[in-house]
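Asks: Okay, so here is coords26.pdb, and as you'll see once you scroll down, it has PDB, C-alpha atoms, pLDDT in the B column.
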MODEL        1
ATOM      1  CA  MET T   4       0.000   0.000   0.000  1.00 52.00           C
ATOM      2  CA  THR T   5       1.467   3.334  -1.059  1.00 60.00           C
ATOM      3  CA  ALA T   6       1.711   6.293   1.308  1.00 50.00           C
ATOM      4  CA  ASN T   7      -0.793   8.230  -0.834  1.00 48.00           C
ATOM      5  CA  VAL T   8      -3.407   5.460  -0.604  1.00 44.00           C
ATOM      6  CA  LEU T   9      -2.848   5.213   3.139  1.00 46.00           C
ATOM      7  CA  ARG T  10      -3.395   8.924   3.565  1.00 45.00           C
ATOM      8  CA  ARG T  11      -6.662   8.698   1.626  1.00 49.00           C
ATOM      9  CA  LEU T  12      -7.852   5.816   3.767  1.00 47.00           C
ATOM     10  CA  LEU T  13      -7.013   7.676   6.984  1.00 42.00           C
ATOM     11  CA  LEU T  14      -8.790  10.795   5.722  1.00 39.00           C
ATOM     12  CA  ALA T  15     -11.880   8.776   4.802  1.00 45.00           C
ATOM     13  CA  LEU T  16     -11.841   7.141   8.229  1.00 47.00           C
ATOM     14  CA  PHE T  17     -11.578  10.548   9.913  1.00 38.00           C
ATOM     15  CA  VAL T  18     -14.503  11.952   7.912  1.00 37.00           C
ATOM     16  CA  PHE T  19     -16.599   8.876   8.720  1.00 45.00           C
ATOM     17  CA  CYS T  20     -15.877   9.170  12.455  1.00 44.00           C
ATOM     18  CA  LEU T  21     -16.642  12.894  12.454  1.00 39.00           C
ATOM     19  CA  ALA T  22     -19.952  12.384  10.656  1.00 43.00           C
ATOM     20  CA  SER T  23     -20.872   9.556  13.002  1.00 44.00           C
ATOM     21  CA  SER T  24     -20.153  11.623  16.115  1.00 44.00           C
ATOM     22  CA  GLN T  25     -22.212  14.547  14.784  1.00 46.00           C
ATOM     23  CA  ALA T  26     -25.131  12.254  13.966  1.00 42.00           C
ATOM     24  CA  PHE T  27     -24.949  10.733  17.447  1.00 37.00           C
ATOM     25  CA  ALA T  28     -24.899  14.174  19.055  1.00 38.00           C
ATOM     26  CA  GLN T  29     -27.960  15.226  17.057  1.00 44.00           C
ATOM     27  CA  ALA T  30     -29.822  12.038  17.935  1.00 43.00           C
ATOM     28  CA  THR T  31     -28.989  12.257  21.644  1.00 46.00           C
ATOM     29  CA  PRO T  32     -31.088  14.793  23.543  1.00 46.00           C
ATOM     30  CA  ALA T  33     -29.316  17.241  25.819  1.00 55.00           C
ATOM     31  CA  PRO T  34     -29.311  16.159  29.459  1.00 71.00           C
ATOM     32  CA  ARG T  35     -32.198  17.582  31.463  1.00 83.00           C
ATOM     33  CA  GLN T  36     -31.122  20.461  33.668  1.00 93.00           C
ATOM     34  CA  ASP T  37     -31.780  20.149  37.379  1.00 97.00           C
ATOM     35  CA  ALA T  38     -34.191  22.926  38.392  1.00 98.00           C
ATOM     36  CA  SER T  39     -32.197  23.498  41.589  1.00 98.00           C
ATOM     37  CA  GLN T  40     -28.749  23.708  40.004  1.00 98.00           C
ATOM     38  CA  PRO T  41     -27.205  26.837  38.464  1.00 98.00           C
ATOM     39  CA  PHE T  42     -27.203  27.186  34.676  1.00 97.00           C
ATOM     40  CA  PRO T  43     -26.705  30.287  32.521  1.00 97.00           C
ATOM     41  CA  LYS T  44     -29.306  30.645  29.795  1.00 96.00           C
ATOM     42  CA  GLN T  45     -28.050  29.730  26.337  1.00 93.00           C
ATOM     43  CA  ASP T  46     -29.452  32.439  24.092  1.00 94.00           C
ATOM     44  CA  ASP T  47     -28.190  35.148  21.756  1.00 93.00           C
ATOM     45  CA  GLY T  48     -26.447  36.992  24.568  1.00 95.00           C
ATOM     46  CA  LYS T  49     -29.430  38.860  26.006  1.00 96.00           C
ATOM     47  CA  PHE T  50     -29.297  36.909  29.259  1.00 98.00           C
ATOM     48  CA  LEU T  51     -25.680  37.807  30.020  1.00 98.00           C
ATOM     49  CA  LYS T  52     -26.234  41.400  28.894  1.00 97.00           C
ATOM     50  CA  LYS T  53     -29.158  41.794  31.282  1.00 98.00           C
ATOM     51  CA  HIS T  54     -27.189  40.059  34.022  1.00 98.00           C
ATOM     52  CA  GLU T  55     -24.416  42.620  33.563  1.00 98.00           C
ATOM     53  CA  ALA T  56     -26.988  45.416  33.713  1.00 98.00           C
ATOM     54  CA  ASN T  57     -28.262  44.013  37.004  1.00 98.00           C
ATOM     55  CA  LEU T  58     -24.746  43.935  38.400  1.00 98.00           C
ATOM     56  CA  ALA T  59     -24.264  47.529  37.309  1.00 98.00           C
ATOM     57  CA  ARG T  60     -27.504  48.543  39.039  1.00 98.00           C
ATOM     58  CA  ALA T  61     -26.334  46.840  42.218  1.00 97.00           C
ATOM     59  CA  ARG T  62     -23.086  48.821  42.080  1.00 96.00           C
ATOM     60  CA  SER T  63     -24.708  52.135  41.208  1.00 96.00           C
ATOM     61  CA  GLY T  64     -26.365  52.912  44.510  1.00 89.00           C
ATOM     62  CA  PRO T  65     -28.711  51.826  47.281  1.00 97.00           C
ATOM     63  CA  VAL T  66     -31.413  49.244  46.618  1.00 98.00           C
ATOM     64  CA  GLY T  67     -34.246  49.424  49.122  1.00 98.00           C
ATOM     65  CA  LEU T  68     -36.658  47.115  47.294  1.00 98.00           C
ATOM     66  CA  LEU T  69     -35.657  44.325  44.900  1.00 98.00           C
ATOM     67  CA  PHE T  70     -37.861  42.465  42.427  1.00 98.00           C
ATOM     68  CA  LEU T  71     -36.411  39.132  41.291  1.00 98.00           C
ATOM     69  CA  GLY T  72     -37.941  36.916  38.622  1.00 98.00           C
ATOM     70  CA  ASP T  73     -38.603  36.284  34.937  1.00 98.00           C
ATOM     71  CA  SER T  74     -40.266  38.271  32.140  1.00 98.00           C
ATOM     72  CA  ILE T  75     -43.382  38.938  34.209  1.00 98.00           C
ATOM     73  CA  THR T  76     -41.167  40.824  36.631  1.00 98.00           C
ATOM     74  CA  ASP T  77     -38.969  42.328  33.923  1.00 98.00           C
ATOM     75  CA  ASN T  78     -42.030  43.764  32.175  1.00 98.00           C
ATOM     76  CA  TRP T  79     -42.667  46.201  34.996  1.00 98.00           C
ATOM     77  CA  ARG T  80     -40.591  48.456  32.742  1.00 97.00           C
ATOM     78  CA  LYS T  81     -43.649  48.605  30.461  1.00 96.00           C
ATOM     79  CA  ALA T  82     -45.684  50.215  33.249  1.00 98.00           C
ATOM     80  CA  PRO T  83     -43.197  52.823  34.541  1.00 98.00           C
ATOM     81  CA  HIS T  84     -45.888  55.186  35.830  1.00 98.00           C
ATOM     82  CA  ILE T  85     -47.238  52.488  38.156  1.00 98.00           C
ATOM     83  CA  TRP T  86     -43.752  51.357  39.166  1.00 98.00           C
ATOM     84  CA  ASP T  87     -42.698  54.890  40.070  1.00 98.00           C
ATOM     85  CA  ALA T  88     -45.943  55.711  41.886  1.00 98.00           C
ATOM     86  CA  TYR T  89     -45.833  52.633  44.100  1.00 98.00           C
ATOM     87  CA  TYR T  90     -42.147  51.825  44.450  1.00 98.00           C
ATOM     88  CA  GLY T  91     -40.137  54.901  43.492  1.00 98.00           C
ATOM     89  CA  LYS T  92     -39.775  56.004  47.117  1.00 97.00           C
ATOM     90  CA  TYR T  93     -38.104  52.696  48.008  1.00 98.00           C
ATOM     91  CA  GLN T  94     -35.073  52.977  45.682  1.00 98.00           C
ATOM     92  CA  PRO T  95     -36.257  49.918  43.710  1.00 98.00           C
ATOM     93  CA  ALA T  96     -34.357  47.596  41.394  1.00 98.00           C
ATOM     94  CA  ASN T  97     -35.834  45.191  38.853  1.00 98.00           C
ATOM     95  CA  PHE T  98     -33.780  42.017  38.373  1.00 98.00           C
ATOM     96  CA  GLY T  99     -36.268  40.197  36.166  1.00 98.00           C
ATOM     97  CA  ILE T 100     -34.995  38.518  33.001  1.00 98.00           C
ATOM     98  CA  GLY T 101     -37.315  37.229  30.297  1.00 97.00           C
ATOM     99  CA  GLY T 102     -37.465  33.452  29.915  1.00 97.00           C
ATOM    100  CA  ASP T 103     -35.685  32.722  33.162  1.00 98.00           C
ATOM    101  CA  ARG T 104     -36.242  29.446  34.934  1.00 98.00           C
ATOM    102  CA  THR T 105     -35.282  28.687  38.498  1.00 98.00           C
ATOM    103  CA  GLN T 106     -31.864  27.379  37.480  1.00 98.00           C
ATOM    104  CA  HIS T 107     -31.042  30.650  35.714  1.00 98.00           C
ATOM    105  CA  VAL T 108     -31.878  32.772  38.760  1.00 98.00           C
ATOM    106  CA  ILE T 109     -29.779  30.481  40.940  1.00 98.00           C
ATOM    107  CA  TRP T 110     -26.879  31.035  38.523  1.00 98.00           C
ATOM    108  CA  ARG T 111     -27.407  34.796  38.655  1.00 98.00           C
ATOM    109  CA  ILE T 112     -27.339  34.831  42.441  1.00 98.00           C
ATOM    110  CA  GLU T 113     -24.187  32.710  42.475  1.00 98.00           C
ATOM    111  CA  HIS T 114     -22.635  35.209  40.062  1.00 98.00           C
ATOM    112  CA  GLY T 115     -23.094  38.310  42.136  1.00 98.00           C
ATOM    113  CA  GLU T 116     -26.540  39.804  41.640  1.00 98.00           C
ATOM    114  CA  LEU T 117     -27.193  40.027  45.385  1.00 98.00           C
ATOM    115  CA  ASP T 118     -23.693  41.190  46.287  1.00 98.00           C
ATOM    116  CA  GLY T 119     -23.230  44.655  47.740  1.00 96.00           C
ATOM    117  CA  ILE T 120     -26.922  45.459  48.202  1.00 98.00           C
ATOM    118  CA  ALA T 121     -29.179  45.494  51.245  1.00 97.00           C
ATOM    119  CA  PRO T 122     -32.847  45.752  50.241  1.00 98.00           C
ATOM    120  CA  LYS T 123     -35.385  45.805  53.014  1.00 98.00           C
ATOM    121  CA  VAL T 124     -37.605  43.465  50.969  1.00 98.00           C
ATOM    122  CA  THR T 125     -37.043  41.188  47.979  1.00 98.00           C
ATOM    123  CA  VAL T 126     -40.147  40.315  45.964  1.00 99.00           C
ATOM    124  CA  LEU T 127     -39.723  36.897  44.340  1.00 98.00           C
ATOM    125  CA  MET T 128     -42.071  35.318  41.806  1.00 98.00           C
ATOM    126  CA  LEU T 129     -40.635  32.479  39.752  1.00 98.00           C
ATOM    127  CA  GLY T 130     -41.518  29.139  38.213  1.00 98.00           C
ATOM    128  CA  THR T 131     -43.919  29.595  35.315  1.00 98.00           C
ATOM    129  CA  ASN T 132     -41.198  28.850  32.753  1.00 98.00           C
ATOM    130  CA  ASN T 133     -40.475  25.540  34.507  1.00 98.00           C
ATOM    131  CA  SER T 134     -44.126  24.527  34.666  1.00 98.00           C
ATOM    132  CA  LEU T 135     -44.259  22.286  31.596  1.00 97.00           C
ATOM    133  CA  ASP T 136     -41.038  20.321  32.038  1.00 96.00           C
ATOM    134  CA  TYR T 137     -40.795  20.010  35.818  1.00 98.00           C
ATOM    135  CA  SER T 138     -43.017  18.812  38.625  1.00 98.00           C
ATOM    136  CA  ALA T 139     -44.429  21.127  41.269  1.00 98.00           C
ATOM    137  CA  ALA T 140     -42.158  19.471  43.821  1.00 98.00           C
ATOM    138  CA  GLU T 141     -39.048  20.143  41.708  1.00 98.00           C
ATOM    139  CA  ILE T 142     -39.948  23.791  41.170  1.00 98.00           C
ATOM    140  CA  ALA T 143     -40.870  24.266  44.824  1.00 98.00           C
ATOM    141  CA  ALA T 144     -37.515  22.810  45.872  1.00 98.00           C
ATOM    142  CA  ALA T 145     -35.732  25.259  43.575  1.00 98.00           C
ATOM    143  CA  ASP T 146     -37.736  28.236  44.841  1.00 98.00           C
ATOM    144  CA  ARG T 147     -37.050  27.096  48.399  1.00 98.00           C
ATOM    145  CA  LYS T 148     -33.342  27.065  47.578  1.00 98.00           C
ATOM    146  CA  ILE T 149     -33.547  30.580  46.134  1.00 98.00           C
ATOM    147  CA  VAL T 150     -35.311  31.875  49.236  1.00 98.00           C
ATOM    148  CA  GLY T 151     -32.545  30.295  51.303  1.00 98.00           C
ATOM    149  CA  MET T 152     -29.877  31.925  49.122  1.00 98.00           C
ATOM    150  CA  ILE T 153     -31.507  35.333  49.547  1.00 98.00           C
ATOM    151  CA  ARG T 154     -31.697  34.906  53.305  1.00 98.00           C
ATOM    152  CA  ALA T 155     -28.082  33.693  53.486  1.00 98.00           C
ATOM    153  CA  LYS T 156     -26.675  36.527  51.375  1.00 98.00           C
ATOM    154  CA  LEU T 157     -29.034  39.199  52.722  1.00 98.00           C
ATOM    155  CA  PRO T 158     -29.811  38.233  56.316  1.00 97.00           C
ATOM    156  CA  GLN T 159     -31.506  41.563  57.062  1.00 97.00           C
ATOM    157  CA  THR T 160     -33.771  41.306  54.006  1.00 98.00           C
ATOM    158  CA  LYS T 161     -37.331  40.010  54.169  1.00 98.00           C
ATOM    159  CA  VAL T 162     -38.686  37.930  51.291  1.00 98.00           C
ATOM    160  CA  LEU T 163     -42.138  38.542  49.849  1.00 99.00           C
ATOM    161  CA  LEU T 164     -42.766  35.296  47.967  1.00 98.00           C
ATOM    162  CA  LEU T 165     -45.578  35.549  45.442  1.00 98.00           C
ATOM    163  CA  GLY T 166     -47.616  32.649  44.178  1.00 98.00           C
ATOM    164  CA  VAL T 167     -46.952  32.078  40.481  1.00 98.00           C
ATOM    165  CA  PHE T 168     -49.560  33.898  38.417  1.00 98.00           C
ATOM    166  CA  PRO T 169     -52.143  31.987  36.371  1.00 98.00           C
ATOM    167  CA  ARG T 170     -51.655  31.524  32.650  1.00 97.00           C
ATOM    168  CA  GLY T 171     -53.960  30.561  29.816  1.00 97.00           C
ATOM    169  CA  PRO T 172     -53.592  28.872  26.423  1.00 96.00           C
ATOM    170  CA  ARG T 173     -51.360  30.840  24.114  1.00 94.00           C
ATOM    171  CA  ASP T 174     -49.325  30.631  20.938  1.00 92.00           C
ATOM    172  CA  ARG T 175     -46.005  32.418  21.476  1.00 88.00           C
ATOM    173  CA  ASN T 176     -46.129  33.843  17.961  1.00 88.00           C
ATOM    174  CA  GLY T 177     -49.692  35.105  18.238  1.00 87.00           C
ATOM    175  CA  GLY T 178     -51.185  32.296  16.179  1.00 90.00           C
ATOM    176  CA  PRO T 179     -54.508  30.541  16.781  1.00 92.00           C
ATOM    177  CA  VAL T 180     -55.024  28.601  19.984  1.00 93.00           C
ATOM    178  CA  THR T 181     -55.178  24.890  19.189  1.00 95.00           C
ATOM    179  CA  PRO T 182     -56.486  22.028  21.344  1.00 95.00           C
ATOM    180  CA  ALA T 183     -52.868  21.082  22.004  1.00 96.00           C
ATOM    181  CA  LEU T 184     -52.182  24.545  23.411  1.00 96.00           C
ATOM    182  CA  VAL T 185     -55.290  24.333  25.589  1.00 95.00           C
ATOM    183  CA  ALA T 186     -54.070  20.992  26.945  1.00 96.00           C
ATOM    184  CA  GLU T 187     -50.617  22.439  27.587  1.00 96.00           C
ATOM    185  CA  ALA T 188     -52.108  25.360  29.509  1.00 96.00           C
ATOM    186  CA  GLU T 189     -54.167  22.983  31.632  1.00 96.00           C
ATOM    187  CA  THR T 190     -51.048  20.962  32.434  1.00 97.00           C
ATOM    188  CA  ARG T 191     -49.132  24.080  33.385  1.00 97.00           C
ATOM    189  CA  GLN T 192     -51.977  25.388  35.520  1.00 97.00           C
ATOM    190  CA  ALA T 193     -52.239  22.140  37.432  1.00 98.00           C
ATOM    191  CA  THR T 194     -48.506  22.328  38.153  1.00 98.00           C
ATOM    192  CA  ILE T 195     -48.756  25.979  39.184  1.00 98.00           C
ATOM    193  CA  ALA T 196     -51.628  25.269  41.563  1.00 98.00           C
ATOM    194  CA  ALA T 197     -49.668  22.472  43.234  1.00 98.00           C
ATOM    195  CA  LEU T 198     -46.534  24.622  43.292  1.00 98.00           C
ATOM    196  CA  ASN T 199     -48.314  27.509  45.007  1.00 98.00           C
ATOM    197  CA  ALA T 200     -49.638  25.169  47.670  1.00 98.00           C
ATOM    198  CA  GLU T 201     -46.041  24.133  48.374  1.00 98.00           C
ATOM    199  CA  LEU T 202     -44.751  27.715  48.381  1.00 98.00           C
ATOM    200  CA  ALA T 203     -47.379  28.784  50.916  1.00 98.00           C
ATOM    201  CA  ARG T 204     -45.625  26.555  53.455  1.00 98.00           C
ATOM    202  CA  LEU T 205     -42.529  28.767  53.357  1.00 98.00           C
ATOM    203  CA  ASP T 206     -44.350  31.635  55.077  1.00 98.00           C
ATOM    204  CA  ASP T 207     -42.906  31.944  58.587  1.00 98.00           C
ATOM    205  CA  GLY T 208     -44.863  35.078  59.457  1.00 97.00           C
ATOM    206  CA  LYS T 209     -41.656  37.092  59.896  1.00 96.00           C
ATOM    207  CA  THR T 210     -38.781  36.998  57.433  1.00 98.00           C
ATOM    208  CA  VAL T 211     -40.599  35.157  54.627  1.00 98.00           C
ATOM    209  CA  ARG T 212     -44.164  36.019  53.711  1.00 98.00           C
ATOM    210  CA  TYR T 213     -46.227  34.300  51.036  1.00 98.00           C
ATOM    211  CA  LEU T 214     -48.911  36.072  49.030  1.00 98.00           C
ATOM    212  CA  ASP T 215     -51.135  34.577  46.334  1.00 98.00           C
ATOM    213  CA  ILE T 216     -52.892  37.262  44.278  1.00 98.00           C
ATOM    214  CA  SER T 217     -53.932  34.926  41.448  1.00 97.00           C
ATOM    215  CA  LYS T 218     -57.630  35.686  41.838  1.00 97.00           C
ATOM    216  CA  VAL T 219     -57.220  39.312  40.791  1.00 98.00           C
ATOM    217  CA  PHE T 220     -56.220  38.087  37.322  1.00 98.00           C
ATOM    218  CA  LEU T 221     -59.274  35.862  36.859  1.00 98.00           C
ATOM    219  CA  GLY T 222     -62.765  36.748  35.693  1.00 97.00           C
ATOM    220  CA  GLN T 223     -65.983  35.330  37.083  1.00 95.00           C
ATOM    221  CA  ASP T 224     -65.674  32.442  34.630  1.00 95.00           C
ATOM    222  CA  GLY T 225     -62.285  31.506  36.090  1.00 94.00           C
ATOM    223  CA  LYS T 226     -60.464  32.553  32.935  1.00 96.00           C
ATOM    224  CA  ILE T 227     -57.923  35.331  32.403  1.00 98.00           C
ATOM    225  CA  PRO T 228     -59.527  38.388  30.770  1.00 97.00           C
ATOM    226  CA  TYR T 229     -57.656  39.478  27.651  1.00 96.00           C
ATOM    227  CA  PRO T 230     -57.857  43.164  28.664  1.00 97.00           C
ATOM    228  CA  ILE T 231     -55.402  42.500  31.525  1.00 97.00           C
ATOM    229  CA  MET T 232     -53.264  39.714  29.994  1.00 98.00           C
ATOM    230  CA  PRO T 233     -53.527  39.954  26.209  1.00 96.00           C
ATOM    231  CA  ASP T 234     -51.182  36.996  25.637  1.00 96.00           C
ATOM    232  CA  GLN T 235     -52.557  35.016  28.604  1.00 97.00           C
ATOM    233  CA  LEU T 236     -49.214  35.204  30.402  1.00 97.00           C
ATOM    234  CA  HIS T 237     -47.879  38.743  30.724  1.00 98.00           C
ATOM    235  CA  PRO T 238     -49.928  41.495  32.365  1.00 98.00           C
ATOM    236  CA  ASN T 239     -50.360  44.772  30.550  1.00 98.00           C
ATOM    237  CA  ALA T 240     -50.525  48.113  32.398  1.00 98.00           C
ATOM    238  CA  ALA T 241     -53.996  47.277  33.721  1.00 98.00           C
ATOM    239  CA  GLY T 242     -52.672  43.959  34.999  1.00 98.00           C
ATOM    240  CA  TYR T 243     -49.712  45.603  36.703  1.00 98.00           C
ATOM    241  CA  GLN T 244     -52.107  47.994  38.391  1.00 98.00           C
ATOM    242  CA  LEU T 245     -53.979  44.985  39.785  1.00 98.00           C
ATOM    243  CA  TRP T 246     -50.679  43.490  40.940  1.00 98.00           C
ATOM    244  CA  ALA T 247     -49.579  46.684  42.669  1.00 98.00           C
ATOM    245  CA  ASP T 248     -52.910  47.206  44.436  1.00 98.00           C
ATOM    246  CA  ALA T 249     -53.132  43.597  45.631  1.00 98.00           C
ATOM    247  CA  MET T 250     -49.562  43.500  46.945  1.00 98.00           C
ATOM    248  CA  GLN T 251     -49.311  46.954  48.463  1.00 98.00           C
ATOM    249  CA  PRO T 252     -50.817  46.347  51.940  1.00 98.00           C
ATOM    250  CA  LEU T 253     -48.440  43.497  52.769  1.00 98.00           C
ATOM    251  CA  LEU T 254     -45.481  45.197  51.090  1.00 98.00           C
ATOM    252  CA  GLU T 255     -45.991  48.369  53.119  1.00 98.00           C
ATOM    253  CA  GLU T 256     -46.132  46.314  56.291  1.00 98.00           C
ATOM    254  CA  MET T 257     -42.886  44.543  55.402  1.00 98.00           C
ATOM    255  CA  MET T 258     -41.114  47.768  54.410  1.00 98.00           C
ATOM    256  CA  LYS T 259     -41.600  49.331  57.847  1.00 94.00           C
TER     257      LYS T 259
ENDMDL
END
What is this file in structure tokens?
Replies:
Amino acid sequence: MTANVLRRLLLALFVFCLASSQAFAQATPAPRQDASQPFPKQDDGKFLKKHEANLARARSGPVGLLFLGDSITDNWRKAPHIWDAYYGKYQPANFGIGGDRTQHVIWRIEHGELDGIAPKVTVLMLGTNNSLDYSAAEIAAADRKIVGMIRAKLPQTKVLLLGVFPRGPRDRNGGPVTPALVAEAETRQATIAALNAELARLDDGKTVRYLDISKVFLGQDGKIPYPIMPDQLHPNAAGYQLWADAMQPLLEEMMK
């Protein structure tokens, strides 16, 4: 066998092995992330950019009131008049990031988002993005861990733990609602209901308080009115007004 033929055979073998490994990687699903373990979100860079913005806010000055969560929290920026009217006097900070699951918030905390601040209260609402792929027990365990992390890093801070808000059937791209989407919403809602029952047990009457305001987002028929949650997940300004009004009595008590 000539050296040239040998080289061709080795090259063919290399190409075959490379193609086989790529096919295996495509056929093998990624390992399921543990809801209670830290993971950075793999996206187009928005997650890390927002994380850096949160770190910058923490460094920029006092934080008297912290909101921590996902897009439902992040979207307070779409109702700035309500935010300022209710929370402006508290030197607030919004550390919500769209699409976050429990594991992403755990990663953020481990990477400095609670460092150097001393809010009197942290408002936490988290878990809806886990609700299809994880059990209520798994999400509750992750939220319990996050509450513990907040208390460990910020021992003088009280935690206002909100029940996860209800959600209805929705197509993320605004398309028609299919029976499959209705079934998905029902599955998520069942998980959320069980999750909230677990979260309620974390209320110790002192440093951790639990508040479920889900009913303010439901009509008499038990469904979410489109005028307050047009996409059946994220409140609009009217929905944030309902949130602020429902939370304010307990928040004021905790901020004293």
Asks: Tell me which protein, DNA and RNA residues are within 12 Å of T:Glu255, counting only C-alpha atoms, leaving out same-chain ones fewer than 2 positions away, and put them as a count of residues only.
Replies: 18
Asks: So which one's closest to T:Pro233, T:Arg170, T:Gln40, T:Asp103, T:Val108? Using all atoms listed in the file, please.
Replies: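 For T:Pro233, the nearest of the given residues is T:Arg170.
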Asks: Give me, please, the distance in Å between atom CA of T:Lys161 and atom CA of T:Ile112, quoted to one decimal.
Replies: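 One can read the atom CA of T:Lys161 to atom CA of T:Ile112 distance as 16.3 Å.
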Asks: Can you work out which one of T:Phe70, T:Tyr229, T:Trp246, T:Tyr137 has the shortest atom-to-atom distance to T:Ile153, counting all atoms listed in the file?
Replies: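 Of the candidates, the smallest distance to T:Ile153 is held by T:Phe70.
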Asks: Evaluated on this file, the PyMOL selection byres ((chain T and resi 131) around 8) picks out some residues - which ones are they, written as a tab-separated table (two decimals) with C-alpha atoms, keeping the file's coordinate frame?
Replies:
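Resulting contents of out-v7.tsv:
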chain	number	residue	atom	x	y	z
T	104	ARG	CA	-36.24	29.45	34.93
T	129	LEU	CA	-40.64	32.48	39.75
T	130	GLY	CA	-41.52	29.14	38.21
T	132	ASN	CA	-41.20	28.85	32.75
T	133	ASN	CA	-40.48	25.54	34.51
T	134	SER	CA	-44.13	24.53	34.67
T	167	VAL	CA	-46.95	32.08	40.48
T	168	PHE	CA	-49.56	33.90	38.42
T	191	ARG	CA	-49.13	24.08	33.38
T	195	ILE	CA	-48.76	25.98	39.18
Asks: Report as a list in words all protein, DNA and RNA residues lying within 12 Å of T:Pro65, evaluated on only C-alpha atoms, omitting residues in the same chain fewer than 5 positions from it.
Replies: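 Once the adjacent positions are removed, what remains is Ala59, Arg60, Lys92, Tyr93, Gln94, Pro95, Ala96, Asp118, Gly119, Ile120, Ala121, Pro122 and Lys123 of chain T.
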Asks: Select, from T:Leu51, T:Leu69, T:Ile100, T:Ala144, the residue with the minimum atom-to-atom distance to T:Ser39, counting all atoms listed in the file.
Replies: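 Smallest distance to T:Ser39 is found for T:Ala144.
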Asks: As an exercise, work out the distance from atom CA of T:Glu256 to atom CA of T:Ala200 in Å and give it to one decimal place.
Replies: 23.1 Å
